[in-house]
$ cat run_36.txt   # compact mmCIF, C-alpha atoms and all ligand atoms
# COMPACT_ATOMS: atom_id res chain seq x y z
CA MET W 21 0.00 0.00 0.00
CA VAL W 22 1.28 3.48 -0.80
CA PHE W 23 0.34 6.74 0.87
CA ILE W 24 1.57 10.28 1.14
CA ARG W 25 3.38 11.38 4.26
CA VAL W 26 3.45 15.07 5.11
CA LYS W 27 6.40 16.79 6.76
CA LYS W 28 6.14 20.39 7.89
CA VAL W 29 9.22 22.58 7.48
CA LYS W 30 9.06 26.29 8.36
CA GLY W 31 5.27 26.31 7.97
CA PHE W 32 5.25 24.59 4.56
CA ASP W 33 4.06 21.04 3.87
CA TYR W 34 6.37 18.67 1.98
CA TYR W 35 5.14 15.36 0.57
CA TYR W 36 6.78 11.93 0.49
CA LEU W 37 5.35 8.94 -1.32
CA VAL W 38 5.70 6.11 1.16
CA LYS W 39 5.13 2.38 0.78
CA SER W 40 3.90 0.38 3.72
CA GLN W 41 4.61 -3.38 3.82
CA TRP W 42 3.86 -6.11 6.28
CA ASP W 43 6.98 -7.82 7.56
CA SER W 44 5.65 -11.28 8.40
CA LYS W 45 8.86 -12.38 10.15
CA ARG W 46 9.06 -9.41 12.51
CA LYS W 47 5.24 -9.08 12.52
CA ILE W 48 5.41 -5.35 12.05
CA SER W 49 4.54 -2.97 9.28
CA THR W 50 7.59 -1.30 7.68
CA GLN W 51 7.58 1.91 5.69
CA ARG W 52 9.90 2.90 2.90
CA THR W 53 10.03 6.24 1.08
CA VAL W 54 9.41 5.60 -2.62
CA LYS W 55 9.91 9.17 -3.69
CA TYR W 56 10.30 12.65 -2.23
CA LEU W 57 7.61 14.69 -3.98
CA GLY W 58 8.66 18.20 -2.93
CA LYS W 59 6.58 21.11 -1.71
CA ALA W 60 2.92 20.07 -1.32
CA SER W 61 1.59 23.11 -3.15
CA ASP W 62 3.68 22.25 -6.23
CA VAL W 63 2.93 18.53 -6.51
CA LYS W 64 1.53 17.40 -9.86
CA ILE W 65 0.36 13.99 -11.06
CA GLU W 66 3.50 13.73 -13.27
CA ASN W 67 5.61 13.69 -10.08
CA ILE W 68 3.98 10.42 -8.98
CA PRO W 69 5.67 7.27 -10.38
CA LEU W 70 3.56 5.80 -13.18
CA GLU W 71 2.57 2.62 -11.30
CA TYR W 72 0.90 4.66 -8.52
CA GLN W 73 -0.77 7.31 -10.68
CA SER W 74 -4.13 5.50 -10.73
CA ASP W 75 -4.22 4.79 -7.00
CA PRO W 76 -7.52 6.43 -5.86
CA LYS W 77 -6.07 7.81 -2.62
CA ILE W 78 -3.13 9.37 -4.39
CA LEU W 79 -5.36 10.68 -7.19
CA SER W 80 -7.76 12.35 -4.79
CA LEU W 81 -4.94 14.02 -2.87
CA VAL W 82 -3.21 15.25 -6.01
CA SER W 83 -6.47 16.52 -7.49
CA SER W 84 -7.25 18.50 -4.32
CA VAL W 85 -3.74 19.99 -4.47
CA THR W 86 -4.28 20.78 -8.17
CA LYS W 87 -7.54 22.54 -7.35
CA ILE W 88 -5.74 24.62 -4.73
CA GLN W 89 -2.97 25.36 -7.27
CA ALA W 90 -5.55 26.48 -9.85
CA ARG W 91 -7.29 28.68 -7.27
CA THR W 92 -3.92 30.15 -6.18
CA GLU W 93 -2.98 30.86 -9.80
CA ARG W 94 -6.37 32.55 -10.40
CA THR W 95 -5.92 34.74 -7.31
CA LEU W 96 -2.35 35.59 -8.31
CA ASN W 97 -3.51 36.58 -11.81
CA GLU W 98 -6.22 38.81 -10.36
CA LEU W 99 -3.72 40.44 -8.02
CA ARG W 100 -1.25 40.93 -10.91
CA GLN W 101 -3.95 42.64 -12.96
CA HIS W 102 -4.87 44.86 -9.98
CA VAL W 103 -1.23 45.84 -9.36
CA PHE W 104 -0.62 46.40 -13.09
CA ASP W 105 -3.67 48.73 -13.28
CA ASN W 106 -2.38 50.67 -10.30
CA LEU W 107 1.15 50.87 -11.70
CA LYS W 108 -0.34 52.46 -14.82
CA SER W 109 -2.60 54.86 -12.91
CA GLY W 110 0.09 55.67 -10.33
CA LYS W 111 -2.03 54.73 -7.30
CA ILE W 112 0.91 53.58 -5.25
CA GLU W 113 -1.10 53.15 -2.04
CA ASN W 114 -3.08 50.29 -3.65
CA ILE W 115 0.14 48.53 -4.62
CA ILE W 116 1.59 48.97 -1.15
CA ARG W 117 -1.59 47.54 0.38
CA VAL W 118 -1.22 44.31 -1.63
CA ALA W 119 2.51 44.07 -0.88
CA GLU W 120 1.95 44.59 2.86
CA GLU W 121 -0.44 41.63 2.87
CA PHE W 122 2.30 39.47 1.39
CA ARG W 123 4.71 40.77 4.01
CA GLU W 124 2.25 39.92 6.78
CA GLY W 125 1.73 36.51 5.19
CA GLY W 126 5.42 35.76 5.51
CA SER W 127 7.49 37.27 2.75
CA LEU W 128 7.89 40.42 0.73
CA CYS W 129 10.08 38.34 -1.62
CA ILE W 130 6.94 36.53 -2.79
CA PHE W 131 5.30 39.85 -3.73
CA TYR W 132 8.38 40.86 -5.72
CA GLU W 133 8.88 37.45 -7.30
CA ASN W 134 5.29 36.37 -7.98
CA ILE W 135 3.51 39.68 -8.56
CA LEU W 136 5.84 42.51 -9.53
CA LYS W 137 8.38 40.56 -11.61
CA PRO W 138 5.78 38.76 -13.82
CA ILE W 139 4.03 42.11 -14.43
CA LEU W 140 7.32 43.66 -15.54
CA TYR W 141 8.04 40.69 -17.81
CA GLU W 142 4.53 41.09 -19.25
CA ILE W 143 5.16 44.82 -19.76
CA GLY W 144 8.29 43.86 -21.73
CA ILE W 145 6.22 41.64 -24.04
CA LEU W 146 3.49 44.28 -24.44
CA TRP W 147 6.14 46.90 -25.24
CA GLN W 148 7.80 44.56 -27.76
CA ASN W 149 4.45 43.91 -29.47
CA LYS W 150 3.73 47.63 -29.43
CA SER W 151 0.60 46.96 -27.34
CA ILE W 152 1.69 49.62 -24.84
CA ASP W 153 3.56 52.81 -25.55
CA ILE W 154 6.97 53.69 -24.13
CA GLY W 155 5.40 56.34 -21.88
CA THR W 156 3.25 53.73 -20.12
CA GLU W 157 6.28 51.43 -19.76
CA HIS W 158 8.23 54.28 -18.14
CA VAL W 159 5.35 55.17 -15.79
CA CYS W 160 5.12 51.52 -14.69
CA SER W 161 8.85 51.05 -14.14
CA ASN W 162 9.14 54.37 -12.25
CA MET W 163 6.15 53.37 -10.12
CA ALA W 164 7.65 49.91 -9.49
CA ASN W 165 10.84 51.52 -8.18
CA ARG W 166 8.83 53.94 -6.02
CA ALA W 167 6.86 51.04 -4.57
CA ILE W 168 10.05 49.09 -3.80
CA HIS W 169 11.59 52.13 -2.02
CA THR W 170 8.38 52.75 -0.07
CA LEU W 171 8.18 49.11 0.97
CA THR W 172 11.79 48.77 2.09
CA ARG W 173 12.23 48.67 5.84
CA PRO W 174 15.92 48.34 6.67
CA VAL W 175 16.74 46.33 9.75
CA LYS W 176 19.81 47.23 11.84
CA HIS W 177 22.67 44.98 10.77
CA GLY W 178 23.86 42.67 13.49
CA ASN W 179 26.08 39.80 12.41
CA ASN W 180 25.99 40.83 8.77
CA SER W 181 27.79 44.14 8.92
CA GLU W 182 30.21 43.50 6.02
CA PRO W 183 29.23 45.73 3.09
CA ILE W 184 27.66 44.21 -0.02
CA MET W 185 27.86 46.19 -3.24
CA ILE W 186 25.13 45.93 -5.89
CA CYS W 187 25.96 47.23 -9.35
CA THR W 188 25.30 46.99 -13.07
CA PRO W 189 27.82 47.19 -15.91
CA ASP W 190 28.41 50.44 -17.79
CA GLY W 191 25.47 51.02 -20.16
CA GLU W 192 22.93 49.00 -18.17
CA LEU W 193 19.97 51.18 -17.23
CA HIS W 194 17.76 48.38 -15.87
CA ASN W 195 17.91 48.47 -12.09
CA ILE W 196 14.52 47.42 -10.73
CA ALA W 197 16.02 44.00 -9.93
CA CYS W 198 18.92 45.70 -8.08
CA ASN W 199 16.42 47.69 -6.04
CA MET W 200 14.42 44.55 -5.23
CA ILE W 201 17.59 42.74 -4.16
CA GLU W 202 18.65 45.75 -2.06
CA SER W 203 15.19 45.84 -0.48
CA VAL W 204 15.15 42.18 0.60
CA LEU W 205 18.76 42.28 1.83
CA LEU W 206 18.17 45.47 3.87
CA GLU W 207 15.09 43.81 5.39
CA LYS W 208 17.28 40.89 6.46
CA GLY W 209 19.75 43.21 8.17
CA PHE W 210 22.52 43.23 5.56
CA ASN W 211 24.69 46.27 4.93
CA VAL W 212 24.02 47.18 1.30
CA SER W 213 25.44 49.78 -1.06
CA ASN W 214 23.47 49.89 -4.30
CA ILE W 215 25.31 51.87 -6.98
CA SER W 216 23.06 50.81 -9.89
CA PRO W 217 22.24 51.66 -12.64
CA SER W 218 25.00 52.27 -15.18
CA ILE W 219 28.13 54.04 -14.02
CA PRO W 220 31.59 53.97 -15.67
CA SER W 221 33.82 51.08 -14.60
CA ASP W 222 36.35 53.58 -13.12
CA SER W 223 33.64 54.81 -10.75
CA VAL W 224 32.77 51.23 -9.75
CA ILE W 225 36.45 50.68 -8.91
CA THR W 226 36.67 53.94 -6.91
CA HIS W 227 33.58 52.90 -4.96
CA MET W 228 35.01 49.41 -4.35
CA LYS W 229 38.21 50.95 -2.93
CA GLU W 230 36.23 53.17 -0.57
CA LEU W 231 33.66 50.57 0.50
CA ASN W 232 35.83 47.44 0.56
CA PRO W 233 32.80 45.16 0.13
CA ALA W 234 32.81 41.52 1.20
CA LEU W 235 30.65 40.65 -1.80
CA VAL W 236 29.66 42.14 -5.15
CA LEU W 237 26.31 41.44 -6.81
CA LEU W 238 26.40 42.30 -10.49
CA SER W 239 23.13 42.44 -12.41
CA VAL W 240 23.00 42.28 -16.22
CA THR W 241 19.69 42.58 -18.10
CA LEU W 242 20.55 43.42 -21.70
CA HIS W 243 22.24 40.72 -23.68
CA ASP W 244 24.28 43.48 -25.38
CA ASN W 245 25.80 44.32 -21.98
CA ILE W 246 27.48 40.94 -21.47
CA GLY W 247 30.60 42.37 -23.12
CA SER W 248 30.57 45.39 -20.83
CA ALA W 249 30.03 43.07 -17.82
CA THR W 250 32.95 40.87 -18.95
CA ARG W 251 35.26 43.89 -19.10
CA LEU W 252 34.11 45.16 -15.69
CA ILE W 253 34.56 41.73 -14.05
CA SER W 254 38.04 41.35 -15.58
CA ARG W 255 39.09 44.71 -14.17
CA LEU W 256 37.57 44.05 -10.74
CA CYS W 257 39.16 40.60 -10.50
CA SER W 258 42.57 41.97 -11.42
CA LEU W 259 42.36 44.48 -8.57
CA PHE W 260 40.34 42.77 -5.82
CA GLN W 261 39.83 39.30 -4.34
CA THR W 262 36.16 40.02 -3.61
CA PRO W 263 33.70 37.28 -4.66
CA ILE W 264 31.27 38.34 -7.36
CA LEU W 265 27.80 36.88 -7.88
CA LEU W 266 26.64 37.51 -11.42
CA GLY W 267 22.95 37.29 -12.33
CA GLY W 268 20.02 38.86 -14.16
CA LEU W 269 17.96 38.27 -17.28
CA ALA W 270 20.97 38.34 -19.65
CA ILE W 271 22.73 35.66 -17.58
CA ASP W 272 19.54 33.54 -17.43
CA ASN W 273 19.29 33.66 -21.21
CA CYS W 274 22.90 33.53 -22.38
CA SER W 275 24.46 30.51 -24.07
CA ASP W 276 26.54 27.86 -22.29
CA GLU W 277 29.58 29.14 -24.17
CA GLU W 278 29.00 32.70 -22.90
CA ARG W 279 28.52 31.35 -19.37
CA ARG W 280 31.76 29.36 -19.54
CA LYS W 281 33.59 32.45 -20.79
CA LEU W 282 32.28 34.55 -17.91
CA GLU W 283 33.11 31.88 -15.34
CA SER W 284 36.60 31.44 -16.71
CA ILE W 285 37.53 35.06 -15.91
CA SER W 286 38.25 34.24 -12.27
CA PRO W 287 37.37 31.62 -9.62
CA ASN W 288 35.90 34.55 -7.68
CA VAL W 289 33.02 34.79 -10.16
CA THR W 290 29.86 32.72 -9.64
CA LEU W 291 27.04 32.77 -12.15
CA VAL W 292 23.59 32.56 -10.62
CA VAL W 293 21.00 31.41 -13.10
CA LYS W 294 17.23 31.72 -12.64
CA SER W 295 17.44 32.16 -8.88
CA THR W 296 14.66 33.45 -6.69
CA LEU W 297 15.16 36.33 -4.27
CA GLU W 298 14.83 33.90 -1.38
CA SER W 299 17.59 31.65 -2.67
CA LEU W 300 19.71 34.72 -3.38
CA VAL W 301 19.49 35.72 0.29
CA LYS W 302 20.68 32.22 1.25
CA MET W 303 23.57 32.44 -1.23
CA VAL W 304 24.60 35.82 0.16
CA LYS W 305 24.67 34.39 3.69
CA ILE W 306 26.84 31.47 2.55
CA GLU W 307 29.22 33.75 0.64
CA LEU W 308 29.65 36.10 3.60
CA LYS W 309 30.23 33.16 5.93
CA SER W 310 32.92 31.69 3.72
CA THR W 311 34.59 35.11 3.31
CA ARG W 312 34.55 35.45 7.09
CA ASN W 313 36.09 31.98 7.50
CA LEU W 314 38.71 32.81 4.91
CA ASN W 315 39.57 36.04 6.69
CA ASN W 316 39.79 34.21 10.02
CA HIS W 317 41.99 31.61 8.39
CA SER W 318 44.29 34.28 6.91
CA TYR W 319 44.30 36.02 10.28
CA LYS W 320 45.24 32.73 11.99
CA GLN W 321 47.97 32.09 9.42
CA ALA W 322 49.34 35.60 9.90
CA HIS W 323 49.20 35.13 13.68
CA GLU W 324 51.04 31.78 13.47
CA MET W 325 53.62 33.29 11.15
CA ASN W 326 54.09 36.15 13.58
CA ASN W 327 54.62 33.71 16.47
CA LEU W 328 57.17 31.78 14.40
CA ILE W 329 59.06 34.95 13.57
CA ASN W 330 59.06 35.90 17.26
CA VAL W 331 60.45 32.45 18.23
CA VAL W 332 63.22 32.67 15.64
C1 LIG R 401 11.42 48.30 -17.16
C2 LIG R 401 12.21 48.01 -18.41
C3 LIG R 401 12.98 49.05 -18.93
C4 LIG R 401 13.16 50.38 -18.22
C5 LIG R 401 14.15 50.17 -17.03
C6 LIG R 401 13.91 51.11 -15.88
C7 LIG R 401 14.71 50.73 -14.67
N1 LIG R 401 14.95 51.68 -13.82
O1 LIG R 401 15.11 49.57 -14.47
C8 LIG R 401 13.72 51.28 -19.36
C9 LIG R 401 12.57 52.02 -19.98
C10 LIG R 401 14.80 52.28 -18.97
C11 LIG R 401 14.23 50.23 -20.36
C12 LIG R 401 15.08 50.52 -21.38
C13 LIG R 401 15.49 49.60 -22.35
N2 LIG R 401 15.05 48.33 -22.48
CO1 LIG R 401 14.00 47.42 -21.13
N3 LIG R 401 12.80 46.45 -20.11
C14 LIG R 401 12.17 46.74 -19.02
C15 LIG R 401 11.32 45.54 -18.58
C16 LIG R 401 9.88 45.81 -19.01
C17 LIG R 401 11.34 45.18 -17.11
C18 LIG R 401 12.74 44.95 -16.50
C19 LIG R 401 12.60 44.49 -15.09
O2 LIG R 401 12.70 45.27 -14.17
N4 LIG R 401 12.26 43.22 -14.85
C20 LIG R 401 11.94 42.68 -13.53
C21 LIG R 401 13.18 42.18 -12.78
C22 LIG R 401 12.88 41.98 -11.31
O3 LIG R 401 13.51 40.93 -13.35
P1 LIG R 401 15.01 40.50 -13.65
O4 LIG R 401 15.76 41.66 -14.14
O5 LIG R 401 15.01 39.27 -14.45
O6 LIG R 401 15.59 40.19 -12.19
C23 LIG R 401 15.33 38.98 -11.47
C24 LIG R 401 16.39 37.91 -11.72
O7 LIG R 401 16.94 37.99 -13.02
C25 LIG R 401 17.37 38.08 -10.62
N5 LIG R 401 18.53 38.95 -10.77
C26 LIG R 401 18.62 40.15 -11.39
N6 LIG R 401 19.85 40.65 -11.23
C27 LIG R 401 20.55 39.78 -10.47
C28 LIG R 401 21.87 39.80 -9.99
C29 LIG R 401 22.34 38.73 -9.24
C30 LIG R 401 23.74 38.76 -8.73
C31 LIG R 401 21.49 37.64 -8.96
C32 LIG R 401 21.99 36.51 -8.17
C33 LIG R 401 20.17 37.61 -9.43
C34 LIG R 401 19.72 38.68 -10.18
O8 LIG R 401 16.63 38.61 -9.53
C35 LIG R 401 15.47 39.30 -9.98
C36 LIG R 401 14.30 38.80 -9.16
O9 LIG R 401 14.02 37.46 -9.42
C37 LIG R 401 12.00 44.40 -19.40
C38 LIG R 401 11.14 43.17 -19.63
C39 LIG R 401 11.71 41.94 -18.90
N7 LIG R 401 11.46 40.77 -19.39
O10 LIG R 401 12.37 42.03 -17.91
C40 LIG R 401 12.48 45.14 -20.64
C41 LIG R 401 13.70 44.60 -21.40
C42 LIG R 401 14.73 44.07 -20.44
N8 LIG R 401 14.20 45.78 -22.07
C43 LIG R 401 14.63 45.55 -23.27
C44 LIG R 401 15.17 46.53 -24.14
C45 LIG R 401 15.46 46.08 -25.57
C46 LIG R 401 15.40 47.85 -23.71
C47 LIG R 401 16.03 48.98 -24.52
C48 LIG R 401 17.22 48.58 -25.41
C49 LIG R 401 14.88 49.61 -25.33
C50 LIG R 401 15.31 50.76 -26.24
N9 LIG R 401 15.32 50.48 -27.52
O11 LIG R 401 15.63 51.81 -25.76
C51 LIG R 401 16.44 49.97 -23.42
C52 LIG R 401 17.90 49.75 -22.95
C53 LIG R 401 18.33 50.64 -21.84
C54 LIG R 401 19.70 50.28 -21.32
N10 LIG R 401 20.74 50.80 -21.94
O12 LIG R 401 19.83 49.52 -20.42
C55 LIG R 401 14.50 44.07 -23.64
C56 LIG R 401 15.86 43.34 -23.57
C57 LIG R 401 16.03 42.34 -24.68
C58 LIG R 401 17.37 41.67 -24.65
N11 LIG R 401 17.40 40.50 -25.22
O13 LIG R 401 18.36 42.09 -24.15
C59 LIG R 401 13.41 43.60 -22.60
C60 LIG R 401 13.53 42.13 -22.20
C61 LIG R 401 12.03 43.88 -23.23
C62 LIG R 401 11.71 42.96 -24.37
N12 LIG R 401 10.75 42.09 -24.20
O14 LIG R 401 12.27 43.00 -25.41
N13 LIG R 401 13.69 49.01 -20.09
$ encode --input "run_36.txt" --output "C-alpha cells" --more "lines below"
Ligand code: B12
Amino acid sequence: MVFIRVKKVKGFDYYYLVKSQWDSKRKISTQRTVKYLGKASDVKIENIPLEYQSDPKILSLVSSVTKIQARTERTLNELRQHVFDNLKSGKIENIIRVAEEFREGGSLCIFYENILKPILYEIGILWQNKSIDIGTEHVCSNMANRAIHTLTRPVKHGNNSEPIMICTPDGELHNIACNMIESVLLEKGFNVSNISPSIPSDSVITHMKELNPALVLLSVTLHDNIGSATRLISRLCSLFQTPILLGGLAIDNCSDEERRKLESISPNVTLVVKSTLESLVKMVKIELKSTRNLNNHSYKQAHEMNNLINVV
C-alpha cells in the first residue's frame, strides 16, 4: 500500500510517497520512502511514479492539491492585474496595500517574485508587441521603483555588517532587480550599497576601494551588456579578491559558451542562473560566511607566522 506522508518545514508542507509493507517475520509494518515529492503546493500527477498514478487515494490528494494550485494561480492573476492597473494609474497606495499583505503573510520576496516581476516581464512583451507605448512602460517602471523604495524597511545589521555592493555594468539602465535585491537584503539586516544603474567602470572601482565590500552582486539585463560586464569583471578581478555573484535576465538567457567564458575570468566569479530572491538571500549568507572563515583563516595564518618569527 502506498500513501503520502506530510512533513512540515518552516510552515510549509512537503510530501513523500511512502510504501507500507507487512513484515511477516518481525510481525510489524515497515515503511519505505518511494519518492520525495517536494513542496505540497507544487505537486503534480507527473511527479507520482507511473505505477501509482491511478491509485484512488493518491489521485484524490493530487487533485485536491491541483484545485488549490488552480485557485492560487487565479488569485495571483487577479492580483497581478490589480497591481498592473495601479502601476499604470500611479495609485501607489493600492500597490503597497497588496505588498503589505504578502509581508504579513510571511514574505515580501513573494510579492516581488510572484507579482511585480511577472508584471514587468509582461510589460516587456506588451512593449515589444507595441501593445503599450513607451510612456506607459516608463510610468510603470518608475512606479515599481517607487513602490520598492516605499516598501523597504531596513533592519539594523547585526552579524551581517560587512558591506555588499550591488551594481550593473556600464550602459545597463535596468535596475529594478537591483532595487528589489537591495530591499530584501536590507530587510534581512545586511549592509548594502546599491550603486546601480550604469556608471563607468572607473567609478565602480573607486567605490570598491572606498567601500571594501565583502561581496559584489552584479546584475546584467541586456544581452548586449554581457561584453561590458565581462570587461568590468576582468578589471575588478585583477584588482580585488572580492567574490562576485553575477545574475540577471541576460545571464539567465545567455548561451553555455557565454557562461563558460564569464566563469573562466576568475574563480571569484559565480554565475547565478534563474534564482529566486529567497535563494539569493541564502547564497549571500553562505558567501559572507565563507569570506569570514577565509579572513579568520588568513588572520590565523598571519598570527602563526608572527609567532614563528618571534620564536626565531
Ligand atoms: C522596465 C524596463 C525598462 C526600463 C528600465 C527602468 C529601470 N529603472 O530599471 C527602461 C525604460 C529604462 C528600459 C530601457 C530599455 N530596455 Co528594457 N525592459 C524593461 C522591462 C519591461 C522590465 C525589467 C525588469 O525590471 N524586470 C523585472 C526584474 C525583477 O527581473 P530581472 O531583471 O530578471 O531580475 C530577477 C532575476 O533575473 C534576478 N537577478 C537580477 N539581477 C541579479 C543579480 C544577481 C547577482 C542575482 C543573483 C540575481 C539577479 O533577480 C530578480 C528577481 O528574481 C524588461 C522586460 C523583462 N522581461 O524584464 C524590458 C527589457 C529588459 N528591455 C529591453 C530593451 C530592448 C530595452 C532597450 C534597449 C529599449 C530601447 N530600444 O531603448 C532599453 C535599454 C536601456 C539600457 N541601456 O539599459 C529588452 C531586452 C532584450 C534583450 N534581449 O536584451 C526587454 C527584455 C524587453 C523585451 N521584451 O524585449 N527598459
$ atom_distance --input "run_36.txt" --atom1 "CA of Asn214 (chain W)" --atom2 "CA of Met185 (chain W)"
5.8 Å
$ closest_residue --input "run_36.txt" --among "W:Cys274, W:Leu256, W:Met228, W:Met21" --to "Lys77 (chain W)" --atoms "only C-alpha atoms"
W:Met21
$ atom_distance --input "run_36.txt" --atom1 "CA of Leu266 (chain W)" --atom2 "CA of Asn149 (chain W)"
29.3 Å
$ residues_around --input "run_36.txt" --residues "Arg255 (chain W)" --least-positions-apart "6" --cutoff "10 Å" --atoms "all atoms listed in the file" --output "list of chain:residue names"
W:Ser221, W:Asp222, W:Ile225, W:Ala249, W:Ile285
$ residues_near_point --input "run_36.txt" --point "(8.6, 48.4, -4.0)" --cutoff "12 Å" --atoms "only C-alpha atoms" --output "PDB file with C-alpha atoms, in the frame of the given file"
ATOM      1  CA  VAL W 103      -1.230  45.840  -9.360  1.00  0.00           C
ATOM      2  CA  LEU W 107       1.150  50.870 -11.700  1.00  0.00           C
ATOM      3  CA  ILE W 112       0.910  53.580  -5.250  1.00  0.00           C
ATOM      4  CA  GLU W 113      -1.100  53.150  -2.040  1.00  0.00           C
ATOM      5  CA  ASN W 114      -3.080  50.290  -3.650  1.00  0.00           C
ATOM      6  CA  ILE W 115       0.140  48.530  -4.620  1.00  0.00           C
ATOM      7  CA  ILE W 116       1.590  48.970  -1.150  1.00  0.00           C
ATOM      8  CA  ARG W 117      -1.590  47.540   0.380  1.00  0.00           C
ATOM      9  CA  VAL W 118      -1.220  44.310  -1.630  1.00  0.00           C
ATOM     10  CA  ALA W 119       2.510  44.070  -0.880  1.00  0.00           C
ATOM     11  CA  GLU W 120       1.950  44.590   2.860  1.00  0.00           C
ATOM     12  CA  ARG W 123       4.710  40.770   4.010  1.00  0.00           C
ATOM     13  CA  LEU W 128       7.890  40.420   0.730  1.00  0.00           C
ATOM     14  CA  CYS W 129      10.080  38.340  -1.620  1.00  0.00           C
ATOM     15  CA  PHE W 131       5.300  39.850  -3.730  1.00  0.00           C
ATOM     16  CA  TYR W 132       8.380  40.860  -5.720  1.00  0.00           C
ATOM     17  CA  GLU W 133       8.880  37.450  -7.300  1.00  0.00           C
ATOM     18  CA  ILE W 135       3.510  39.680  -8.560  1.00  0.00           C
ATOM     19  CA  LEU W 136       5.840  42.510  -9.530  1.00  0.00           C
ATOM     20  CA  LYS W 137       8.380  40.560 -11.610  1.00  0.00           C
ATOM     21  CA  CYS W 160       5.120  51.520 -14.690  1.00  0.00           C
ATOM     22  CA  SER W 161       8.850  51.050 -14.140  1.00  0.00           C
ATOM     23  CA  ASN W 162       9.140  54.370 -12.250  1.00  0.00           C
ATOM     24  CA  MET W 163       6.150  53.370 -10.120  1.00  0.00           C
ATOM     25  CA  ALA W 164       7.650  49.910  -9.490  1.00  0.00           C
ATOM     26  CA  ASN W 165      10.840  51.520  -8.180  1.00  0.00           C
ATOM     27  CA  ARG W 166       8.830  53.940  -6.020  1.00  0.00           C
ATOM     28  CA  ALA W 167       6.860  51.040  -4.570  1.00  0.00           C
ATOM     29  CA  ILE W 168      10.050  49.090  -3.800  1.00  0.00           C
ATOM     30  CA  HIS W 169      11.590  52.130  -2.020  1.00  0.00           C
ATOM     31  CA  THR W 170       8.380  52.750  -0.070  1.00  0.00           C
ATOM     32  CA  LEU W 171       8.180  49.110   0.970  1.00  0.00           C
ATOM     33  CA  THR W 172      11.790  48.770   2.090  1.00  0.00           C
ATOM     34  CA  ARG W 173      12.230  48.670   5.840  1.00  0.00           C
ATOM     35  CA  ILE W 196      14.520  47.420 -10.730  1.00  0.00           C
ATOM     36  CA  ALA W 197      16.020  44.000  -9.930  1.00  0.00           C
ATOM     37  CA  CYS W 198      18.920  45.700  -8.080  1.00  0.00           C
ATOM     38  CA  ASN W 199      16.420  47.690  -6.040  1.00  0.00           C
ATOM     39  CA  MET W 200      14.420  44.550  -5.230  1.00  0.00           C
ATOM     40  CA  ILE W 201      17.590  42.740  -4.160  1.00  0.00           C
ATOM     41  CA  GLU W 202      18.650  45.750  -2.060  1.00  0.00           C
ATOM     42  CA  SER W 203      15.190  45.840  -0.480  1.00  0.00           C
ATOM     43  CA  VAL W 204      15.150  42.180   0.600  1.00  0.00           C
TER      44      VAL W 204
END
$ closest_atom_pairs --input "run_36.txt" --of "chain W" --to "ligand LIG 401 (chain R)" --cutoff "6 Å" --atoms "all atoms listed in the file" --output "tab-separated table"
residue	atom	partner	partner_atom	distance
W:Glu133	CA	R:LIG401	O9	5.6
W:Lys137	CA	R:LIG401	C20	4.6
W:Leu140	CA	R:LIG401	C17	4.6
W:Tyr141	CA	R:LIG401	N7	3.8
W:Ile143	CA	R:LIG401	C16	4.9
W:Gly144	CA	R:LIG401	C38	3.6
W:Ile145	CA	R:LIG401	N12	4.6
W:Gln148	CA	R:LIG401	N12	5.2
W:His158	CA	R:LIG401	C9	5.2
W:Ser161	CA	R:LIG401	C1	4.8
W:Gly191	CA	R:LIG401	N10	5.1
W:Glu192	CA	R:LIG401	O12	3.9
W:Leu193	CA	R:LIG401	O12	3.6
W:His194	CA	R:LIG401	O1	3.2
W:Asn195	CA	R:LIG401	O1	3.8
W:Ile196	CA	R:LIG401	O1	4.4
W:Ala197	CA	R:LIG401	C22	4.0
W:Leu237	CA	R:LIG401	C30	4.2
W:Leu238	CA	R:LIG401	C30	4.8
W:Ser239	CA	R:LIG401	C28	3.8
W:Thr241	CA	R:LIG401	O4	5.7
W:Leu242	CA	R:LIG401	O13	3.5
W:His243	CA	R:LIG401	O13	4.1
W:Leu265	CA	R:LIG401	C30	4.6
W:Leu266	CA	R:LIG401	C30	4.1
W:Gly267	CA	R:LIG401	C29	3.5
W:Gly268	CA	R:LIG401	C26	3.4
W:Leu269	CA	R:LIG401	O5	4.2
W:Val292	CA	R:LIG401	C32	4.9
W:Thr296	CA	R:LIG401	O9	4.9
W:Leu297	CA	R:LIG401	O9	5.4
W:Leu300	CA	R:LIG401	C32	5.6
$ atom_distance --input "run_36.txt" --atom1 "CA of Asn97 (chain W)" --atom2 "CA of Asp62 (chain W)"
17.0 Å
$ closest_residue --input "run_36.txt" --among "W:Ser258, W:Leu37, W:Glu207, W:Pro189" --to "Tyr72 (chain W)" --atoms "all atoms listed in the file"
W:Leu37
$ axis_aligned_box --input "run_36.txt" --around "region 251-264 of chain W" --padding-each-side "8 Å" --output "lines of an AutoDock Vina configuration file"
center_x = 36.9
center_y = 41.2
center_z = -11.4
size_x = 27.3
size_y = 23.9
size_z = 31.5
$ closest_residue --input "run_36.txt" --among "W:Tyr35, W:Val26, W:Pro263, W:Asn134" --to "Glu93 (chain W)" --atoms "all atoms listed in the file"
W:Asn134
$ closest_residue --input "run_36.txt" --among "W:Ser151, W:Thr262, W:Ser213, W:Ser44" --to "Thr290 (chain W)" --atoms "all atoms listed in the file"
W:Thr262
$ residues_near_point --input "run_36.txt" --point "(10.1, 10.7, -2.8)" --cutoff "9 Å" --atoms "all atoms listed in the file" --output "list in words"
Tyr35, Tyr36, Leu37, Val38, Thr53, Val54, Lys55, Tyr56, Leu57, Gly58 and Ile68 of chain W
$ closest_residue --input "run_36.txt" --among "W:Lys294, W:Ile246, W:Glu307, W:Ile139" --to "Arg279 (chain W)" --atoms "all atoms listed in the file"
W:Ile246
$ closest_residue --input "run_36.txt" --among "W:Val293, W:Ile65, W:Val301, W:Ile271" --to "Ile184 (chain W)" --atoms "all atoms listed in the file"
W:Val301
